[in-house]
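Heads up, model.txt below (compact mmCIF, C-alpha atoms and all ligand atoms):
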# COMPACT_ATOMS: atom_id res chain seq x y z
CA MET A 28 108.98 82.62 260.50
CA LEU A 29 105.48 82.32 259.11
CA LYS A 30 104.88 79.52 256.66
CA LYS A 31 104.27 80.61 253.08
CA ILE A 32 101.11 79.03 251.73
CA ILE A 33 100.69 77.55 248.25
CA ILE A 34 97.21 76.73 246.92
CA ALA A 35 97.14 74.76 243.65
CA ILE A 36 94.08 74.29 241.43
CA ASP A 37 93.94 72.11 238.32
CA GLY A 38 91.05 71.28 236.03
CA PRO A 39 89.87 71.36 232.43
CA ALA A 40 89.13 74.54 230.47
CA GLY A 41 86.01 76.32 231.67
CA SER A 42 85.92 74.58 235.04
CA GLY A 43 86.16 77.93 236.82
CA LYS A 44 89.77 77.65 237.96
CA SER A 45 90.68 81.21 236.99
CA THR A 46 87.63 82.73 238.64
CA ALA A 47 88.14 80.70 241.83
CA ALA A 48 91.88 81.39 241.97
CA LYS A 49 91.42 85.12 241.36
CA ASN A 50 88.73 85.36 244.02
CA ILE A 51 90.88 83.52 246.55
CA ALA A 52 93.91 85.70 245.72
CA GLN A 53 91.89 88.88 246.16
CA LYS A 54 90.28 87.69 249.38
CA LEU A 55 93.54 86.59 251.01
CA GLY A 56 95.94 89.08 249.39
CA PHE A 57 97.83 86.23 247.74
CA THR A 58 99.59 86.30 244.36
CA TYR A 59 97.54 84.79 241.54
CA LEU A 60 99.48 82.64 239.07
CA ASP A 61 97.69 81.85 235.81
CA THR A 62 99.99 79.22 234.27
CA GLY A 63 97.74 78.84 231.21
CA ALA A 64 98.48 82.49 230.34
CA MET A 65 102.15 81.52 229.99
CA TYR A 66 101.41 78.67 227.54
CA ARG A 67 99.09 81.04 225.69
CA ALA A 68 101.78 83.75 225.44
CA ILE A 69 104.27 81.30 223.90
CA THR A 70 101.58 80.08 221.49
CA PHE A 71 100.63 83.61 220.47
CA LEU A 72 104.25 84.50 219.71
CA ALA A 73 104.83 81.26 217.81
CA LEU A 74 101.78 82.00 215.63
CA ARG A 75 102.73 85.62 215.07
CA ASN A 76 106.34 84.69 214.20
CA GLY A 77 105.15 81.98 211.78
CA ILE A 78 106.96 79.21 213.69
CA ALA A 79 103.94 77.37 215.17
CA GLU A 80 104.90 74.15 213.34
CA ASP A 81 108.65 74.43 214.01
CA ILE A 82 109.26 72.71 217.34
CA SER A 83 112.94 73.58 217.69
CA ALA A 84 112.25 77.26 216.94
CA ILE A 85 109.49 77.25 219.58
CA ILE A 86 111.82 75.68 222.15
CA ASP A 87 114.48 78.24 221.33
CA MET A 88 111.95 81.03 221.79
CA ALA A 89 110.70 79.58 225.10
CA ARG A 90 114.29 79.56 226.41
CA ARG A 91 114.88 83.21 225.51
CA ILE A 92 111.51 84.73 226.26
CA ASN A 93 111.15 87.36 228.95
CA LEU A 94 107.69 86.58 230.31
CA LYS A 95 105.98 88.67 232.98
CA LEU A 96 102.54 88.42 234.54
CA ARG A 97 100.99 91.27 236.49
CA PHE A 98 97.70 90.70 238.31
CA GLU A 99 95.90 94.06 238.43
CA ASN A 100 92.24 94.92 239.08
CA GLY A 101 91.09 91.35 238.61
CA ILE A 102 92.92 90.67 235.36
CA THR A 103 96.25 89.05 234.58
CA ARG A 104 98.25 91.36 232.34
CA VAL A 105 100.77 89.44 230.26
CA PHE A 106 103.99 90.90 228.84
CA VAL A 107 106.45 89.22 226.53
CA ASN A 108 109.75 90.97 225.99
CA ASP A 109 108.05 94.06 227.47
CA GLU A 110 105.18 94.03 224.93
CA GLU A 111 101.69 93.63 226.38
CA VAL A 112 99.79 90.69 224.84
CA THR A 113 96.97 90.38 227.39
CA GLY A 114 94.14 90.52 224.83
CA GLN A 115 95.82 88.58 222.04
CA ILE A 116 96.48 85.44 224.09
CA ARG A 117 92.72 84.70 224.41
CA SER A 118 91.98 84.60 220.65
CA SER A 119 90.38 81.58 219.00
CA GLU A 120 93.60 81.05 216.98
CA VAL A 121 95.53 80.69 220.24
CA ASN A 122 92.77 78.48 221.70
CA ALA A 123 93.08 76.17 218.71
CA LYS A 124 96.87 75.80 218.96
CA VAL A 125 97.79 76.12 222.63
CA SER A 126 97.32 72.47 223.60
CA ASP A 127 99.67 71.32 220.83
CA ILE A 128 102.40 73.69 221.92
CA SER A 129 101.86 72.78 225.58
CA LYS A 130 102.79 69.19 224.73
CA ILE A 131 106.41 70.10 224.02
CA PRO A 132 108.42 68.89 227.05
CA GLU A 133 111.17 71.51 226.70
CA VAL A 134 108.58 74.31 226.63
CA ARG A 135 106.99 72.90 229.79
CA ALA A 136 110.38 72.64 231.50
CA GLU A 137 111.11 76.33 230.86
CA LEU A 138 107.72 77.50 232.09
CA VAL A 139 107.71 75.21 235.13
CA LYS A 140 111.07 76.71 236.13
CA ILE A 141 109.56 80.22 236.13
CA GLN A 142 106.43 79.00 237.97
CA LYS A 143 108.42 77.29 240.73
CA LYS A 144 110.47 80.43 241.24
CA LEU A 145 107.28 82.44 241.71
CA GLY A 146 106.09 79.80 244.18
CA ASP A 147 109.25 80.27 246.26
CA GLU A 148 107.92 83.69 247.22
CA GLY A 149 104.90 81.92 248.77
CA ASN A 150 101.33 82.96 249.51
CA ILE A 151 100.30 82.11 246.00
CA VAL A 152 97.24 80.62 244.29
CA ALA A 153 98.28 78.82 241.11
CA GLU A 154 95.99 77.28 238.53
CA GLY A 155 96.53 75.20 235.40
CA ARG A 156 96.76 71.57 234.33
CA ASP A 157 99.81 70.34 236.26
CA VAL A 158 100.18 72.69 239.21
CA THR A 159 98.95 70.10 241.73
CA THR A 160 101.02 67.26 240.22
CA VAL A 161 104.25 68.72 238.83
CA VAL A 162 104.76 72.39 239.64
CA PHE A 163 103.70 72.37 243.30
CA PRO A 164 103.34 68.72 244.39
CA ASN A 165 103.80 69.87 247.98
CA ALA A 166 101.11 72.56 247.85
CA ASP A 167 99.25 73.12 251.13
CA LEU A 168 95.90 72.67 249.41
CA LYS A 169 95.29 70.91 246.10
CA VAL A 170 92.00 71.17 244.26
CA PHE A 171 90.79 69.41 241.12
CA LEU A 172 87.92 71.50 239.77
CA THR A 173 85.47 70.05 237.27
CA ALA A 174 82.14 70.90 235.65
CA THR A 175 80.07 69.27 232.93
CA ILE A 176 80.97 69.95 229.30
CA ASP A 177 77.68 71.80 228.77
CA VAL A 178 78.30 74.15 231.70
CA ARG A 179 81.92 74.71 230.67
CA THR A 180 80.88 75.48 227.08
CA LYS A 181 78.27 77.99 228.21
CA ARG A 182 80.78 79.72 230.49
CA ARG A 183 83.34 80.10 227.69
CA LEU A 184 80.67 81.15 225.20
CA ARG A 185 79.57 83.91 227.56
CA GLU A 186 83.18 85.13 227.87
CA PHE A 187 83.49 85.32 224.07
CA GLN A 188 80.15 87.09 223.75
CA GLU A 189 81.18 89.65 226.37
CA LYS A 190 84.17 90.44 224.17
CA ASN A 191 81.94 90.57 221.07
CA PHE A 192 83.67 87.58 219.46
CA SER A 193 81.39 85.82 217.04
CA ILE A 194 81.49 82.09 217.82
CA THR A 195 78.84 79.37 218.18
CA TYR A 196 78.10 77.00 221.07
CA ASP A 197 79.20 74.04 218.92
CA GLU A 198 82.52 75.67 217.98
CA VAL A 199 83.32 76.40 221.62
CA LYS A 200 82.32 72.89 222.69
CA GLU A 201 84.44 71.32 219.97
CA ASN A 202 87.49 73.36 221.01
CA LEU A 203 87.02 72.43 224.70
CA GLU A 204 86.65 68.73 223.91
CA LYS A 205 89.69 68.77 221.67
CA ARG A 206 91.81 70.53 224.29
CA ASP A 207 90.56 68.23 227.10
CA LYS A 208 91.63 65.25 225.04
CA ILE A 209 95.11 66.59 224.27
CA ASP A 210 95.69 68.04 227.77
CA SER A 211 94.65 64.79 229.50
CA GLY A 212 96.19 62.42 226.98
CA ARG A 213 99.66 63.88 226.53
CA GLU A 214 102.72 62.01 227.78
CA VAL A 215 104.31 64.82 229.76
CA SER A 216 102.41 66.24 232.74
CA PRO A 217 98.90 65.31 231.62
CA LEU A 218 95.90 66.85 233.33
CA ARG A 219 94.91 64.42 236.07
CA LYS A 220 93.70 64.54 239.63
CA ALA A 221 96.53 64.34 242.16
CA GLU A 222 95.88 61.58 244.69
CA ASP A 223 95.66 64.02 247.56
CA ALA A 224 93.62 66.68 245.72
CA ILE A 225 90.04 67.52 246.66
CA GLU A 226 87.79 66.86 243.67
CA PHE A 227 85.06 69.42 243.35
CA ASP A 228 82.34 69.66 240.65
CA ASN A 229 81.00 73.20 240.58
CA SER A 230 78.51 72.79 237.68
CA ALA A 231 75.57 73.87 239.80
CA LEU A 232 77.34 76.57 241.80
CA THR A 233 77.85 80.30 241.40
CA PRO A 234 81.39 81.71 241.67
CA GLU A 235 80.44 83.03 245.13
CA GLN A 236 79.39 79.56 246.31
CA ASP A 237 82.57 78.15 244.82
CA LEU A 238 84.64 80.66 246.76
CA ASP A 239 82.80 79.97 250.01
CA TYR A 240 83.45 76.25 249.71
CA LEU A 241 87.12 76.75 248.92
CA LEU A 242 87.61 79.27 251.72
CA VAL A 243 86.39 76.66 254.21
CA LYS A 244 89.00 74.22 252.90
CA ILE A 245 91.69 76.91 252.99
CA LYS A 246 90.78 77.82 256.55
CA ASP A 247 91.35 74.18 257.56
CA VAL A 248 94.82 74.36 256.02
CA LEU A 249 95.61 77.70 257.62
CA ASN A 250 94.49 76.45 261.02
CA LYS A 251 96.97 73.63 260.72
CA SER A 252 99.81 75.98 259.71
CA ASP A 253 101.58 78.91 261.38
CA ILE A 254 99.39 81.49 259.66
CA LYS A 255 96.21 82.43 261.51
O1 LIG B 301 93.77 77.43 231.47
P1 LIG B 301 93.82 77.85 230.00
O2 LIG B 301 92.62 77.45 229.21
O3 LIG B 301 94.19 79.30 229.84
O4 LIG B 301 95.07 77.01 229.40
C1 LIG B 301 95.40 77.05 228.04
C2 LIG B 301 96.14 75.79 227.64
O5 LIG B 301 97.45 75.79 228.20
C3 LIG B 301 95.52 74.47 228.06
O6 LIG B 301 94.58 74.00 227.11
C4 LIG B 301 96.71 73.55 228.19
C5 LIG B 301 97.85 74.47 228.53
N1 LIG B 301 98.25 74.44 229.94
C6 LIG B 301 99.09 73.43 230.32
O7 LIG B 301 99.43 72.57 229.52
N2 LIG B 301 99.56 73.40 231.60
C7 LIG B 301 99.19 74.32 232.49
N3 LIG B 301 99.68 74.28 233.73
C8 LIG B 301 98.30 75.35 232.11
C9 LIG B 301 97.81 75.37 230.83

Could you render the structure from this file as structure tokens?
Ligand code: DC
Amino acid sequence: MLKKIIIAIDGPAGSGKSTAAKNIAQKLGFTYLDTGAMYRAITFLALRNGIAEDISAIIDMARRINLKLRFENGITRVFVNDEEVTGQIRSSEVNAKVSDISKIPEVRAELVKIQKKLGDEGNIVAEGRDVTTVVFPNADLKVFLTATIDVRTKRRLREFQEKNFSITYDEVKENLEKRDKIDSGREVSPLRKAEDAIEFDNSALTPEQDLDYLLVKIKDVLNKSDIK
């Protein structure tokens, strides 16, 4: 039996996790798991249903939700209860609220359950805030991606501009700093570098250089496993 590989990447918003994970998944034919999209989907529904301040209603929703991710043509399509919410989960309203909702331990427990199940199928690249520490502590390769706040802000700003969202550099920076603080400071599963993760600052690199570096690390792992 061939070993099923799990690659886990954590890091703050705008550190390039999604781009790196997608590129790896496409290169190796692995499944791409965007765990942030799951927290975003719950947040979007909570906002739309007017329950974003009602913790027990959010927990109840997280327990009932039918959440599906489909990675197609380089994008993660997100469905909740069979409705597609791919575009809506990236709004600035969701950006502003998602870290608060991600702090709720019961919400995390529900989503981690789904994520682990996906990991059982193997050959997966997962990215988020706790995939190296909580979801897949035994991942074959763990990466902690970082970049400076200025670089991360510019990357996110460019994404918004490409979608014709009107937002300033300062607004994006403020949202990133706020989320970094909540995501790293929360009690349950805070964003932190796992002891055995490779720390990698990609501020000065292009996505292609990022991918090349990570592929070298992955090759090392694959050479040590049953997959060649
Ligand atoms: O990666 P992202 O920006 O799409 O993530 C959105 C938010 O979701 C992030 O600010 C915190 C939360 N999140 C989390 O708490 N745990 C994860 N594994 C992934 C995301």

Review point. Of the residues A:Leu60, A:Val105, A:Leu72, A:Ile209, which is the one nearest to A:Leu145, using only C-alpha atoms?
Key: A:Leu60

Practice item. Dump the neighbourhood of ligand LIG 301 (chain B) as number ranges by chain: all residues within 6 Å, distances computed on all atoms listed in the file. Key: A: 40, 62-64, 66-67, 125-126, 129, 155-158, 206, 210

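If you measure from each of A:Asn165, A:Asn191, A:Gln115, A:Ser230 to A:Arg75 using all atoms listed in the file, the closest one turns out to be A:Gln115.
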
Exercise for review: Please measure the separation of atom CA of A:Lys220 and atom CA of A:Leu94, giving the value in Å to one decimal.
Suggested key: 27.7 Å

Check your understanding: Counting all atoms listed in the file, what is within 9 Å of A:Ile33, bar same-chain residues fewer than 6 positions away, as a ChimeraX atom specification?
Key -> /A:146,149-153,163,165-169

Study note, to complete from the structure: Computed gap from atom CA of A:Ala79 to atom CA of A:Val139 is 20.4 Å

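With distances restricted to only C-alpha atoms, A:Met65 is the closest residue to A:Glu154 from A:Val243, A:Met65, A:Asn202, A:Glu189.
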
Show me the residues around (97.3, 87.6, 236.3) - criterion: an atom at most 9 Å away, all atoms listed in the file counted - as a compact mmCIF listing (two decimals) with C-alpha atoms, in the frame of the given file.
# COMPACT_ATOMS: atom_id res chain seq x y z
CA LYS A 49 91.42 85.12 241.36
CA THR A 58 99.59 86.30 244.36
CA TYR A 59 97.54 84.79 241.54
CA LEU A 60 99.48 82.64 239.07
CA ASP A 61 97.69 81.85 235.81
CA ALA A 64 98.48 82.49 230.34
CA LEU A 96 102.54 88.42 234.54
CA ARG A 97 100.99 91.27 236.49
CA PHE A 98 97.70 90.70 238.31
CA GLU A 99 95.90 94.06 238.43
CA GLY A 101 91.09 91.35 238.61
CA ILE A 102 92.92 90.67 235.36
CA THR A 103 96.25 89.05 234.58
CA ARG A 104 98.25 91.36 232.34
CA VAL A 105 100.77 89.44 230.26

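The shell of residues at most 10 Å from A:Ile51, with all atoms listed in the file counted and near chain neighbours (fewer than 3 positions) removed, consists of Ile34, Ser45, Thr46, Ala47, Ala48, Lys54, Leu55, Gly56, Phe57, Thr58, Tyr59, Ile151, Val152, Leu238, Asp239, Leu241, Leu242 and Ile245 of chain A.
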
Review point. Quick one: distance from atom CA of A:Glu222 to atom CA of A:Asp237 in Å, one decimal?
Key: 21.3 Å

Review point. Skipping near chain neighbours, those fewer than 3 positions away, what residues fall within 12 Å of A:Glu226 using all atoms listed in the file, listed as JSON, numbers by chain?
Key: {"A": [36, 37, 38, 42, 159, 168, 169, 170, 171, 172, 173, 174, 219, 220, 221, 222, 223, 229, 240, 241, 244]}

Starting from the sparse input, extend stretch 72-93 of chain A to N, CA and C atoms and give the output as a compact mmCIF listing (two decimals), in the coordinates of the input.
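Now in part.txt:
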# COMPACT_ATOMS: atom_id res chain seq x y z
N LEU A 72 103.02 84.06 220.38
CA LEU A 72 104.25 84.50 219.71
C LEU A 72 104.65 83.56 218.59
N ALA A 73 104.48 82.25 218.84
CA ALA A 73 104.83 81.26 217.81
C ALA A 73 103.97 81.48 216.56
N LEU A 74 102.68 81.75 216.78
CA LEU A 74 101.78 82.00 215.63
C LEU A 74 102.19 83.29 214.92
N ARG A 75 102.41 84.33 215.69
CA ARG A 75 102.73 85.62 215.07
C ARG A 75 104.06 85.56 214.30
N ASN A 76 105.02 84.77 214.85
CA ASN A 76 106.34 84.69 214.20
C ASN A 76 106.37 83.63 213.09
N GLY A 77 105.22 82.98 212.86
CA GLY A 77 105.15 81.98 211.78
C GLY A 77 105.97 80.73 212.07
N ILE A 78 106.15 80.39 213.36
CA ILE A 78 106.96 79.21 213.69
C ILE A 78 106.14 78.16 214.44
N ALA A 79 104.79 78.24 214.36
CA ALA A 79 103.94 77.37 215.17
C ALA A 79 104.10 75.89 214.84
N GLU A 80 104.69 75.56 213.68
CA GLU A 80 104.90 74.15 213.34
C GLU A 80 106.37 73.75 213.51
N ASP A 81 107.20 74.68 213.95
CA ASP A 81 108.65 74.43 214.01
C ASP A 81 109.05 74.25 215.49
N ILE A 82 109.08 72.99 215.91
CA ILE A 82 109.26 72.71 217.34
C ILE A 82 110.58 73.26 217.88
N SER A 83 111.67 73.11 217.11
CA SER A 83 112.94 73.58 217.69
C SER A 83 112.96 75.11 217.79
N ALA A 84 112.31 75.79 216.85
CA ALA A 84 112.25 77.26 216.94
C ALA A 84 111.39 77.68 218.14
N ILE A 85 110.34 76.91 218.43
CA ILE A 85 109.49 77.25 219.58
C ILE A 85 110.27 77.05 220.89
N ILE A 86 111.02 75.95 220.94
CA ILE A 86 111.82 75.68 222.15
C ILE A 86 112.84 76.79 222.36
N ASP A 87 113.48 77.18 221.27
CA ASP A 87 114.48 78.24 221.33
C ASP A 87 113.83 79.53 221.86
N MET A 88 112.65 79.83 221.35
CA MET A 88 111.95 81.03 221.79
C MET A 88 111.59 80.95 223.28
N ALA A 89 111.10 79.75 223.70
CA ALA A 89 110.70 79.58 225.10
C ALA A 89 111.90 79.78 226.04
N ARG A 90 113.09 79.42 225.56
CA ARG A 90 114.29 79.56 226.41
C ARG A 90 114.74 81.01 226.52
N ARG A 91 114.41 81.82 225.50
CA ARG A 91 114.88 83.21 225.51
C ARG A 91 113.84 84.20 226.02
N ILE A 92 112.59 83.78 226.04
CA ILE A 92 111.51 84.73 226.26
C ILE A 92 111.58 85.39 227.64
N ASN A 93 111.25 86.66 227.67
CA ASN A 93 111.15 87.36 228.95
C ASN A 93 109.65 87.54 229.22
